[in-house]
$ cat coords_35.txt   # compact mmCIF, C-alpha atoms
# COMPACT_ATOMS: atom_id res chain seq x y z
CA MET H 23 -17.09 54.66 79.02
CA VAL H 24 -15.44 57.51 77.13
CA VAL H 25 -15.74 57.77 73.36
CA LEU H 26 -13.35 59.94 71.35
CA LEU H 27 -13.44 60.73 67.65
CA LEU H 28 -10.17 60.96 65.75
CA ALA H 29 -9.57 62.05 62.18
CA ALA H 30 -7.84 59.58 59.90
CA CYS H 31 -5.58 60.21 56.97
CA GLY H 32 -6.06 58.92 53.45
CA ARG H 33 -7.14 60.18 50.04
CA ILE H 34 -10.33 62.01 50.88
CA GLY H 35 -12.89 61.60 48.12
CA PHE H 36 -10.69 59.15 46.22
CA GLU H 37 -12.53 56.49 44.26
CA PRO H 38 -10.88 53.05 44.52
CA ARG H 39 -12.06 51.98 41.07
CA ASP H 40 -10.24 54.94 39.50
CA ASP H 41 -7.01 54.41 41.43
CA ALA H 42 -5.60 51.95 38.92
CA ARG H 43 -2.14 50.97 37.82
CA THR H 44 -0.72 53.29 35.19
CA ASP H 45 0.13 50.62 32.64
CA GLY H 46 -3.55 49.83 32.14
CA ALA H 47 -3.18 46.14 32.97
CA VAL H 48 -6.10 44.35 34.59
CA ALA H 49 -5.55 42.13 37.61
CA GLY H 50 -6.01 38.42 36.96
CA PRO H 51 -7.93 36.09 39.27
CA ALA H 52 -6.52 35.46 42.73
CA THR H 53 -5.44 32.03 43.94
CA VAL H 54 -5.50 31.10 47.61
CA GLN H 55 -3.65 28.22 49.27
CA THR H 56 -4.44 27.28 52.87
CA GLY H 57 -2.89 24.80 55.23
CA ARG H 58 -2.01 23.78 58.76
CA ALA H 59 1.30 23.65 60.59
CA GLN H 60 2.35 22.72 64.10
CA LEU H 61 5.35 23.69 66.21
CA VAL H 62 5.78 20.81 68.64
CA PRO H 63 7.89 20.67 71.82
CA GLY H 64 11.56 20.60 70.92
CA THR H 65 10.95 22.47 67.64
CA SER H 66 11.52 26.18 67.06
CA GLN H 67 10.78 26.32 63.33
CA ILE H 68 8.99 24.53 60.53
CA ALA H 69 8.98 24.90 56.75
CA VAL H 70 5.86 23.99 54.76
CA THR H 71 5.88 23.16 51.06
CA ILE H 72 3.33 24.99 48.89
CA SER H 73 2.52 25.14 45.21
CA PRO H 74 4.92 27.62 43.58
CA VAL H 75 3.88 31.28 43.73
CA ASP H 76 5.09 34.54 42.25
CA LEU H 77 6.65 36.14 45.33
CA GLU H 78 6.26 39.67 43.98
CA HIS H 79 2.49 39.19 44.02
CA SER H 80 1.97 36.91 47.03
CA LEU H 81 0.98 37.58 50.63
CA LEU H 82 1.28 35.28 53.66
CA THR H 83 -1.15 35.49 56.57
CA PHE H 84 -1.62 33.10 59.48
CA SER H 85 -3.37 32.71 62.82
CA LEU H 86 -2.39 30.92 66.02
CA SER H 87 -3.82 28.94 68.91
CA VAL H 88 -1.48 29.13 71.92
CA THR H 89 -1.60 27.87 75.51
CA ASP H 90 1.71 29.01 77.04
CA VAL H 91 2.42 32.36 78.73
CA LYS H 92 6.04 32.66 77.58
CA PRO H 93 6.74 34.98 74.63
CA ASP H 94 9.56 32.83 73.30
CA ASP H 95 7.18 29.89 72.90
CA VAL H 96 4.09 31.61 71.47
CA LYS H 97 5.31 34.59 69.42
CA VAL H 98 5.78 33.34 65.85
CA THR H 99 7.02 34.98 62.67
CA GLY H 100 5.96 33.77 59.24
CA ARG H 101 7.53 34.38 55.84
CA PHE H 102 8.11 32.93 52.39
CA LEU H 103 11.43 31.10 52.28
CA ASP H 104 11.14 30.90 48.50
CA GLU H 105 8.42 30.47 45.90
CA SER H 106 7.62 26.94 47.16
CA GLN H 107 8.03 27.18 50.95
CA VAL H 108 6.67 29.16 53.89
CA GLN H 109 8.47 29.16 57.21
CA PHE H 110 7.27 29.72 60.78
CA VAL H 111 9.82 30.46 63.53
CA ARG H 112 9.74 31.12 67.28
CA ALA H 113 12.56 31.68 69.77
CA GLY H 114 11.56 28.91 72.20
CA SER H 115 10.57 25.28 71.79
CA GLU H 116 8.69 24.09 74.86
CA GLN H 117 4.98 24.09 73.99
CA THR H 118 2.80 23.11 71.04
CA ILE H 119 1.62 25.92 68.73
CA GLU H 120 -1.15 25.33 66.19
CA ILE H 121 -1.01 27.41 63.00
CA ARG H 122 -3.48 28.00 60.18
CA TRP H 123 -1.89 29.75 57.22
CA THR H 124 -2.95 31.28 53.91
CA ALA H 125 -0.82 32.14 50.88
CA VAL H 126 -2.65 34.63 48.66
CA SER H 127 -1.38 35.17 45.11
CA TRP H 128 -2.92 38.00 43.10
CA SER H 129 -1.60 40.10 40.23
CA GLY H 130 -3.59 43.04 41.61
CA MET H 131 -1.02 43.62 44.34
CA THR H 132 2.74 43.97 44.64
CA VAL H 133 4.47 42.86 47.85
CA ARG H 134 7.78 44.05 49.32
CA ARG H 135 9.08 42.05 52.27
CA GLY H 136 11.96 41.77 54.66
CA VAL H 137 13.26 40.51 57.99
CA GLY H 138 14.91 42.89 60.45
CA GLY H 139 15.76 43.36 64.07
CA LEU H 140 14.99 45.61 67.02
CA ASP H 141 17.90 45.42 69.43
CA ASN H 142 17.80 45.79 73.20
CA SER H 143 18.97 49.39 73.08
CA SER H 144 16.03 50.75 71.10
CA THR H 145 12.23 50.95 71.14
CA THR H 146 11.89 51.81 67.44
CA PHE H 147 12.13 49.48 64.46
CA THR H 148 12.84 50.99 61.03
CA ALA H 149 12.96 49.26 57.65
CA ALA H 150 13.65 50.70 54.20
CA ILE H 151 11.07 49.92 51.50
CA ASP H 152 12.69 49.56 48.10
CA PRO H 153 11.29 50.53 45.70
CA PRO H 154 9.06 53.03 47.50
CA VAL H 155 5.29 52.56 47.55
CA ASP H 156 2.26 54.80 47.23
CA VAL H 157 1.22 54.97 50.89
CA ALA H 158 -2.41 55.72 49.91
CA ARG H 159 -2.57 52.31 48.19
CA SER H 160 -0.38 50.32 50.62
CA PHE H 161 -0.51 48.59 53.99
CA VAL H 162 1.77 46.51 56.20
CA ILE H 163 1.40 43.13 57.85
CA ALA H 164 4.16 42.34 60.36
CA THR H 165 4.87 39.64 62.93
CA HIS H 166 7.68 39.46 65.47
CA ARG H 167 9.37 37.05 67.85
CA ASP H 168 11.86 37.23 70.73
CA GLN H 169 13.02 35.44 73.85
CA GLY H 170 11.30 36.01 77.16
CA ASN H 171 9.45 34.40 80.06
CA ALA H 172 6.56 36.86 80.54
CA PHE H 173 4.44 39.19 78.44
CA GLY H 174 4.72 42.90 79.11
CA ASP H 175 4.85 46.25 77.37
CA ASP H 176 7.98 45.14 75.51
CA GLU H 177 6.17 42.31 73.69
CA TYR H 178 3.85 44.35 71.45
CA ILE H 179 4.77 46.64 68.56
CA ASP H 180 2.57 48.88 66.42
CA PHE H 181 3.71 49.37 62.81
CA GLU H 182 3.14 52.30 60.47
CA LEU H 183 4.15 53.41 56.98
CA THR H 184 5.58 56.85 57.76
CA ALA H 185 6.83 57.56 54.22
CA PRO H 186 6.83 55.86 50.81
CA ASP H 187 10.19 54.28 51.63
CA THR H 188 9.96 53.85 55.42
CA LEU H 189 8.28 51.35 57.74
CA VAL H 190 8.41 52.16 61.46
CA GLY H 191 7.51 49.96 64.43
CA ARG H 192 7.14 51.31 67.96
CA ASN H 193 7.72 49.29 71.10
CA ARG H 194 6.50 51.12 74.22
CA ALA H 195 9.09 49.57 76.56
CA GLN H 196 12.70 48.63 75.91
CA ASN H 197 13.15 44.90 75.57
CA SER H 198 16.10 43.15 77.17
CA VAL H 199 16.64 40.95 74.09
CA THR H 200 16.68 41.37 70.32
CA THR H 201 13.30 41.23 68.58
CA THR H 202 13.08 39.79 65.06
CA VAL H 203 10.48 41.31 62.74
CA ALA H 204 9.15 39.73 59.53
CA TRP H 205 7.23 42.30 57.47
CA GLN H 206 5.27 42.53 54.24
CA VAL H 207 4.23 45.80 52.60
CA VAL H 208 1.39 45.31 50.13
CA GLU H 209 0.69 47.87 47.38
CA LEU H 210 -2.62 47.59 45.53
CA ASP H 211 -2.78 48.17 41.81
CA ALA H 212 -6.33 49.48 42.22
CA GLY H 213 -7.89 50.52 45.50
CA VAL H 214 -7.29 52.95 48.31
CA VAL H 215 -5.93 52.59 51.85
CA HIS H 216 -6.89 54.96 54.64
CA HIS H 217 -4.45 55.11 57.58
CA GLY H 218 -4.80 56.36 61.11
CA ARG H 219 -3.65 56.14 64.71
CA SER H 220 -5.93 55.76 67.71
CA THR H 221 -5.37 55.76 71.46
CA ILE H 222 -7.44 54.03 74.13
CA ALA H 223 -6.68 55.93 77.32
CA PRO H 224 -6.55 54.29 80.77
CA VAL H 225 -9.90 52.93 82.00
CA THR H 226 -11.72 53.57 78.71
CA THR H 227 -12.60 50.53 76.61
CA LEU H 228 -13.74 51.94 73.26
CA GLU H 229 -12.20 54.19 70.64
CA LEU H 230 -13.96 55.28 67.45
CA ALA H 231 -12.00 56.54 64.45
CA THR H 232 -13.60 58.42 61.56
CA THR H 233 -12.56 57.91 57.95
CA PRO H 234 -13.56 59.24 54.56
CA SER H 235 -16.65 57.42 53.35
CA PHE H 236 -16.01 53.88 52.07
CA ASP H 237 -17.91 50.77 50.99
CA PRO H 238 -17.84 48.21 53.86
CA THR H 239 -18.62 45.37 51.45
CA ARG H 240 -15.24 45.96 49.74
CA ALA H 241 -13.16 46.98 52.78
CA TRP H 242 -11.13 45.19 55.45
CA LEU H 243 -9.11 46.33 58.43
CA VAL H 244 -5.48 45.69 59.38
CA TYR H 245 -4.05 47.00 62.65
CA THR H 246 -1.26 46.56 65.16
CA SER H 247 -1.17 47.77 68.74
CA SER H 248 1.06 48.34 71.72
CA ALA H 249 0.30 49.33 75.30
CA THR H 250 1.86 50.93 78.33
CA GLY H 251 1.37 50.85 82.09
CA GLY H 252 -1.42 49.26 84.07
CA ALA H 253 -1.43 45.50 84.54
CA PRO H 254 1.18 44.52 81.98
CA THR H 255 0.84 40.75 82.28
CA GLU H 256 -2.93 40.44 81.90
CA ALA H 257 -4.44 39.37 78.58
CA GLN H 258 -7.26 41.94 78.86
CA HIS H 259 -4.72 44.77 78.97
CA TYR H 260 -3.24 44.02 75.53
CA ALA H 261 -6.13 42.32 73.73
CA ILE H 262 -7.60 44.79 71.23
CA SER H 263 -10.37 44.05 68.74
CA GLY H 264 -10.90 46.20 65.66
CA ARG H 265 -14.01 46.26 63.47
CA ILE H 266 -15.85 48.25 60.83
CA VAL H 267 -18.92 49.98 62.31
CA ASP H 268 -20.36 51.59 59.18
CA SER H 269 -19.25 53.45 56.05
CA THR H 270 -17.38 56.16 58.02
CA GLN H 271 -16.39 54.64 61.37
CA LEU H 272 -14.13 52.00 62.87
CA ALA H 273 -14.24 50.76 66.47
CA PHE H 274 -11.30 49.59 68.57
CA GLU H 275 -12.26 47.93 71.83
CA ARG H 276 -10.84 46.11 74.82
CA ALA H 277 -12.54 44.58 77.83
CA GLY H 278 -10.16 45.78 80.54
CA GLY H 279 -6.74 47.12 81.38
CA ASP H 280 -5.60 50.26 83.13
CA GLY H 281 -2.86 51.39 80.78
CA THR H 282 -2.90 53.20 77.45
CA ALA H 283 -3.35 51.22 74.24
CA LEU H 284 -1.87 52.67 71.02
CA ILE H 285 -3.12 51.47 67.64
CA SER H 286 -1.86 51.93 64.09
CA TRP H 287 -4.46 50.93 61.51
CA SER H 288 -5.05 50.69 57.78
CA LEU H 289 -8.45 50.37 56.16
CA ILE H 290 -8.11 48.66 52.78
CA GLU H 291 -10.84 49.40 50.24
CA LEU H 292 -10.63 47.15 47.20
CA ALA H 293 -11.59 48.35 43.73
CA ALA H 294 -13.14 44.93 43.12
CA GLY H 295 -13.97 42.00 45.32
CA HIS H 296 -16.23 41.35 48.28
CA VAL H 297 -15.73 41.37 52.06
CA GLU H 298 -18.08 39.93 54.67
CA HIS H 299 -17.62 40.98 58.30
CA GLY H 300 -18.62 39.20 61.47
CA SER H 301 -17.81 38.83 65.14
CA THR H 302 -17.72 35.62 67.17
CA THR H 303 -18.04 35.41 70.97
CA PHE H 304 -16.39 32.75 73.12
CA ALA H 305 -18.08 32.38 76.49
CA ASP H 306 -15.95 31.62 79.53
CA GLY H 307 -14.94 27.96 79.22
CA GLU H 308 -15.34 27.72 75.43
CA LEU H 309 -12.43 26.93 73.11
CA VAL H 310 -14.14 26.36 69.75
CA GLN H 311 -16.78 28.33 67.86
CA THR H 312 -18.14 28.24 64.32
CA ALA H 313 -19.58 30.93 62.07
CA MET H 314 -21.54 30.72 58.85
CA PRO H 315 -20.47 33.39 56.35
CA GLU H 316 -22.19 33.79 53.01
CA PRO H 317 -21.06 31.20 50.43
CA VAL H 318 -17.66 32.04 48.95
CA ASP H 319 -15.25 30.64 46.39
CA LEU H 320 -12.54 29.02 48.55
CA ALA H 321 -10.03 29.29 45.71
CA ARG H 322 -10.21 33.12 45.92
CA SER H 323 -11.14 33.74 49.57
CA PHE H 324 -9.38 33.97 52.93
CA VAL H 325 -10.18 34.97 56.51
CA PHE H 326 -8.41 37.74 58.38
CA GLY H 327 -8.92 39.16 61.86
CA GLY H 328 -6.87 42.31 61.66
CA SER H 329 -4.09 41.98 64.22
CA PHE H 330 -0.95 40.01 65.18
CA GLY H 331 -0.96 36.57 63.62
CA GLY H 332 -4.01 37.36 61.53
CA MET H 333 -6.71 36.98 64.22
CA GLY H 334 -7.23 38.55 67.61
CA GLY H 335 -10.00 39.73 69.90
CA ARG H 336 -10.74 41.46 73.16
CA THR H 337 -11.09 39.39 76.31
CA THR H 338 -12.06 39.69 79.94
CA SER H 339 -9.42 37.12 80.89
CA ILE H 340 -6.68 38.02 83.35
CA ASP H 341 -4.57 35.10 82.14
CA GLN H 342 -0.85 35.87 82.05
CA GLY H 343 -0.51 35.14 78.33
CA PRO H 344 -2.37 35.89 75.07
CA GLY H 345 -3.99 32.44 74.74
CA PRO H 346 -7.56 33.59 75.60
CA ALA H 347 -7.48 36.36 72.96
CA TRP H 348 -5.47 34.93 70.05
CA VAL H 349 -7.89 33.04 67.80
CA MET H 350 -7.00 30.56 65.06
CA ALA H 351 -9.41 30.68 62.12
CA GLU H 352 -9.96 28.48 59.08
CA LEU H 353 -12.55 28.36 56.31
CA GLN H 354 -13.75 24.75 56.51
CA ASP H 355 -15.88 24.91 53.36
CA SER H 356 -17.68 27.52 51.27
CA THR H 357 -20.04 28.48 54.14
CA GLY H 358 -18.24 27.33 57.31
CA LEU H 359 -15.68 29.16 59.44
CA GLU H 360 -14.05 27.47 62.45
CA LEU H 361 -12.46 29.56 65.21
CA ILE H 362 -10.29 28.10 68.00
CA ARG H 363 -8.52 29.72 70.93
CA GLY H 364 -5.91 28.06 73.10
CA VAL H 365 -7.10 29.07 76.58
CA SER H 366 -10.78 29.08 77.59
CA THR H 367 -10.72 31.60 80.45
CA GLY H 368 -12.79 34.77 80.16
CA THR H 369 -15.19 35.98 77.50
CA THR H 370 -13.52 36.77 74.18
CA VAL H 371 -15.02 38.61 71.21
CA ALA H 372 -13.14 37.98 67.96
CA PRO H 373 -14.01 40.06 64.86
CA TRP H 374 -13.27 38.52 61.44
CA SER H 375 -13.46 39.35 57.77
CA VAL H 376 -13.79 36.93 54.87
CA ILE H 377 -12.16 38.53 51.83
CA THR H 378 -12.84 37.40 48.27
CA LEU H 379 -10.53 38.86 45.62
CA GLU H 380 -11.50 39.35 42.00
$ encode --input "coords_35.txt" --output "structure tokens"
Amino acid sequence: MVVLLLAACGRIGFEPRDDARTDGAVAGPATVQTGRAQLVPGTSQIAVTISPVDLEHSLLTFSLSVTDVKPDDVKVTGRFLDESQVQFVRAGSEQTIEIRWTAVSWSGMTVRRGVGGLDNSSTTFTAAIDPPVDVARSFVIATHRDQGNAFGDDEYIDFELTAPDTLVGRNRAQNSVTTTVAWQVVELDAGVVHHGRSTIAPVTTLELATTPSFDPTRAWLVYTSSATGGAPTEAQHYAISGRIVDSTQLAFERAGGDGTALISWSLIELAAGHVEHGSTTFADGELVQTAMPEPVDLARSFVFGGSFGGMGGRTTSIDQGPGPAWVMAELQDSTGLELIRGVSTGTTVAPWSVITLE
């Protein structure tokens, strides 16, 4: 195993508690809505009714359990249709997809969002962010869907804020169809976001990234990844897990794959709140696992796994789709977390974070 250290970018020495909004306003308490949705055979989209939210201050996350190997059936985008509805869409309609979603409303953040396309003549997605954001207090969550019968290098995109007004996504192989991207850029009123890019070279399985010192009990990780070469249809090739190691290091890992994995990541350090981190292992043949986080207030807390669809892990599976590695997660009660994957082949390790906003 080869370990490389990379420098990250962010506001070195910046104190999240001092990085506050200029109008002096204090963020009010967060509210969290959670629910379930299902895309059944013959259905390519579903809209779910929620209690009304302020869209400017609301974030949608979700996680999936999938069994199929076709991108058009299992790749799902999620977005707010309006203040009272969230929508999930895929290109295909053959298999059942289970979804667990969370709508987080919090005056301590401002959210820009949009839907765009990556056509079949390009490997780069670009979106304009209006108004611009402070990159050192902002991060992106993006999902994408397209048609297709097999997963390959064209099915994964890593996203990065390259400027206050620019979001860029990079696809490592040209797709033969148009890809639809649903994105959210979140700007914190108080806090700091460290950004970086990491590369897991062929054969290696671990990459460590260094950051300015941070408090792990108030920090959580968001990342997207793409990959090139090797065995492009195997789950182990694309399945990347990201986790916080300590107050200065992050680890990105995979269990196999011969090609290069490329990762864009953001480490969010909240000025207030609490984050508990954990990692759950599925043995070969297991579909369901449970974890027992510290007690939390469900009205202000949500679970996030870092990658596409909200949850993802590394796997030893050579399955031809992402089912062994994509993990659906739901807080069952104040101390219970249920995790479900769609395919039981291989050993999968799924990191998670339970985030409580104040």
$ residues_around --input "coords_35.txt" --residues "Gly334 (chain H)" --least-positions-apart "5" --cutoff "10 Å" --atoms "only C-alpha atoms" --output "VMD selection string"
chain H and resid 85 to 86 261 to 264 326 to 329 344 to 351 363 370 to 374
$ atom_distance --input "coords_35.txt" --atom1 "CA of Thr378 (chain H)" --atom2 "CA of Val297 (chain H)"
6.2 Å
$ closest_atom_pairs --input "coords_35.txt" --of "region 45-93 of chain H" --to "region 304-314 of chain H" --cutoff "12 Å" --atoms "only C-alpha atoms" --output "tab-separated table"
residue	atom	partner	partner_atom	distance
H:Ser87	CA	H:Leu309	CA	9.8
H:Val88	CA	H:Leu309	CA	11.2
H:Thr89	CA	H:Leu309	CA	11.1
$ residues_around --input "coords_35.txt" --residues "Asp280 (chain H)" --least-positions-apart "4" --cutoff "12 Å" --atoms "only C-alpha atoms" --output "list in words"
Ile222, Ala223, Pro224, Val225, Thr226, Thr227, Ala249, Thr250, Gly251, Gly252, Ala253, Pro254, Thr255, Glu256, Ala257, Gln258, His259, Tyr260 and Arg276 of chain H
$ closest_residue --input "coords_35.txt" --among "H:Ser143, H:Ser339, H:Thr201, H:Ser248" --to "Trp287 (chain H)" --atoms "only C-alpha atoms"
H:Ser248
$ closest_residue --input "coords_35.txt" --among "H:Thr188, H:Ser80, H:Ser198, H:Ser220" --to "Ser127 (chain H)" --atoms "all atoms listed in the file"
H:Ser80
$ closest_residue --input "coords_35.txt" --among "H:Gly114, H:Gly130, H:Pro234, H:Gly136" --to "His216 (chain H)" --atoms "all atoms listed in the file"
H:Pro234
$ build_atoms --input "coords_35.txt" --residues "region 318-331 of chain H" --atoms "N, CA and C atoms" --output "mmCIF file, in the frame of the given file"
data_model
loop_
_atom_site.group_PDB
_atom_site.id
_atom_site.type_symbol
_atom_site.label_atom_id
_atom_site.label_comp_id
_atom_site.auth_asym_id
_atom_site.auth_seq_id
_atom_site.Cartn_x
_atom_site.Cartn_y
_atom_site.Cartn_z
ATOM 1 N N VAL H 318 -18.774 31.408 49.643
ATOM 2 C CA VAL H 318 -17.660 32.040 48.950
ATOM 3 C C VAL H 318 -16.932 31.006 48.107
ATOM 4 N N ASP H 319 -16.130 31.490 47.184
ATOM 5 C CA ASP H 319 -15.250 30.640 46.390
ATOM 6 C C ASP H 319 -13.956 30.456 47.181
ATOM 7 N N LEU H 320 -13.717 29.255 47.706
ATOM 8 C CA LEU H 320 -12.540 29.020 48.550
ATOM 9 C C LEU H 320 -11.235 29.241 47.790
ATOM 10 N N ALA H 321 -11.255 29.114 46.497
ATOM 11 C CA ALA H 321 -10.030 29.290 45.710
ATOM 12 C C ALA H 321 -9.622 30.750 45.620
ATOM 13 N N ARG H 322 -10.515 31.691 46.002
ATOM 14 C CA ARG H 322 -10.210 33.120 45.920
ATOM 15 C C ARG H 322 -10.458 33.845 47.240
ATOM 16 N N SER H 323 -10.704 33.113 48.318
ATOM 17 C CA SER H 323 -11.140 33.740 49.570
ATOM 18 C C SER H 323 -10.252 33.333 50.740
ATOM 19 N N PHE H 324 -10.128 34.255 51.716
ATOM 20 C CA PHE H 324 -9.380 33.970 52.930
ATOM 21 C C PHE H 324 -9.981 34.751 54.085
ATOM 22 N N VAL H 325 -9.668 34.318 55.311
ATOM 23 C CA VAL H 325 -10.180 34.970 56.510
ATOM 24 C C VAL H 325 -9.055 35.739 57.179
ATOM 25 N N PHE H 326 -9.408 36.925 57.706
ATOM 26 C CA PHE H 326 -8.410 37.740 58.380
ATOM 27 C C PHE H 326 -9.075 38.458 59.548
ATOM 28 N N GLY H 327 -8.352 38.549 60.674
ATOM 29 C CA GLY H 327 -8.920 39.160 61.860
ATOM 30 C C GLY H 327 -8.355 40.509 62.212
ATOM 31 N N GLY H 328 -7.327 40.951 61.488
ATOM 32 C CA GLY H 328 -6.870 42.310 61.660
ATOM 33 C C GLY H 328 -5.560 42.505 62.372
ATOM 34 N N SER H 329 -5.227 41.660 63.357
ATOM 35 C CA SER H 329 -4.090 41.980 64.220
ATOM 36 C C SER H 329 -3.013 40.912 64.150
ATOM 37 N N PHE H 330 -2.122 40.899 65.155
ATOM 38 C CA PHE H 330 -0.950 40.010 65.180
ATOM 39 C C PHE H 330 -1.346 38.576 64.888
ATOM 40 N N GLY H 331 -0.659 37.950 63.948
ATOM 41 C CA GLY H 331 -0.960 36.570 63.620
ATOM 42 C C GLY H 331 -2.226 36.388 62.820
#
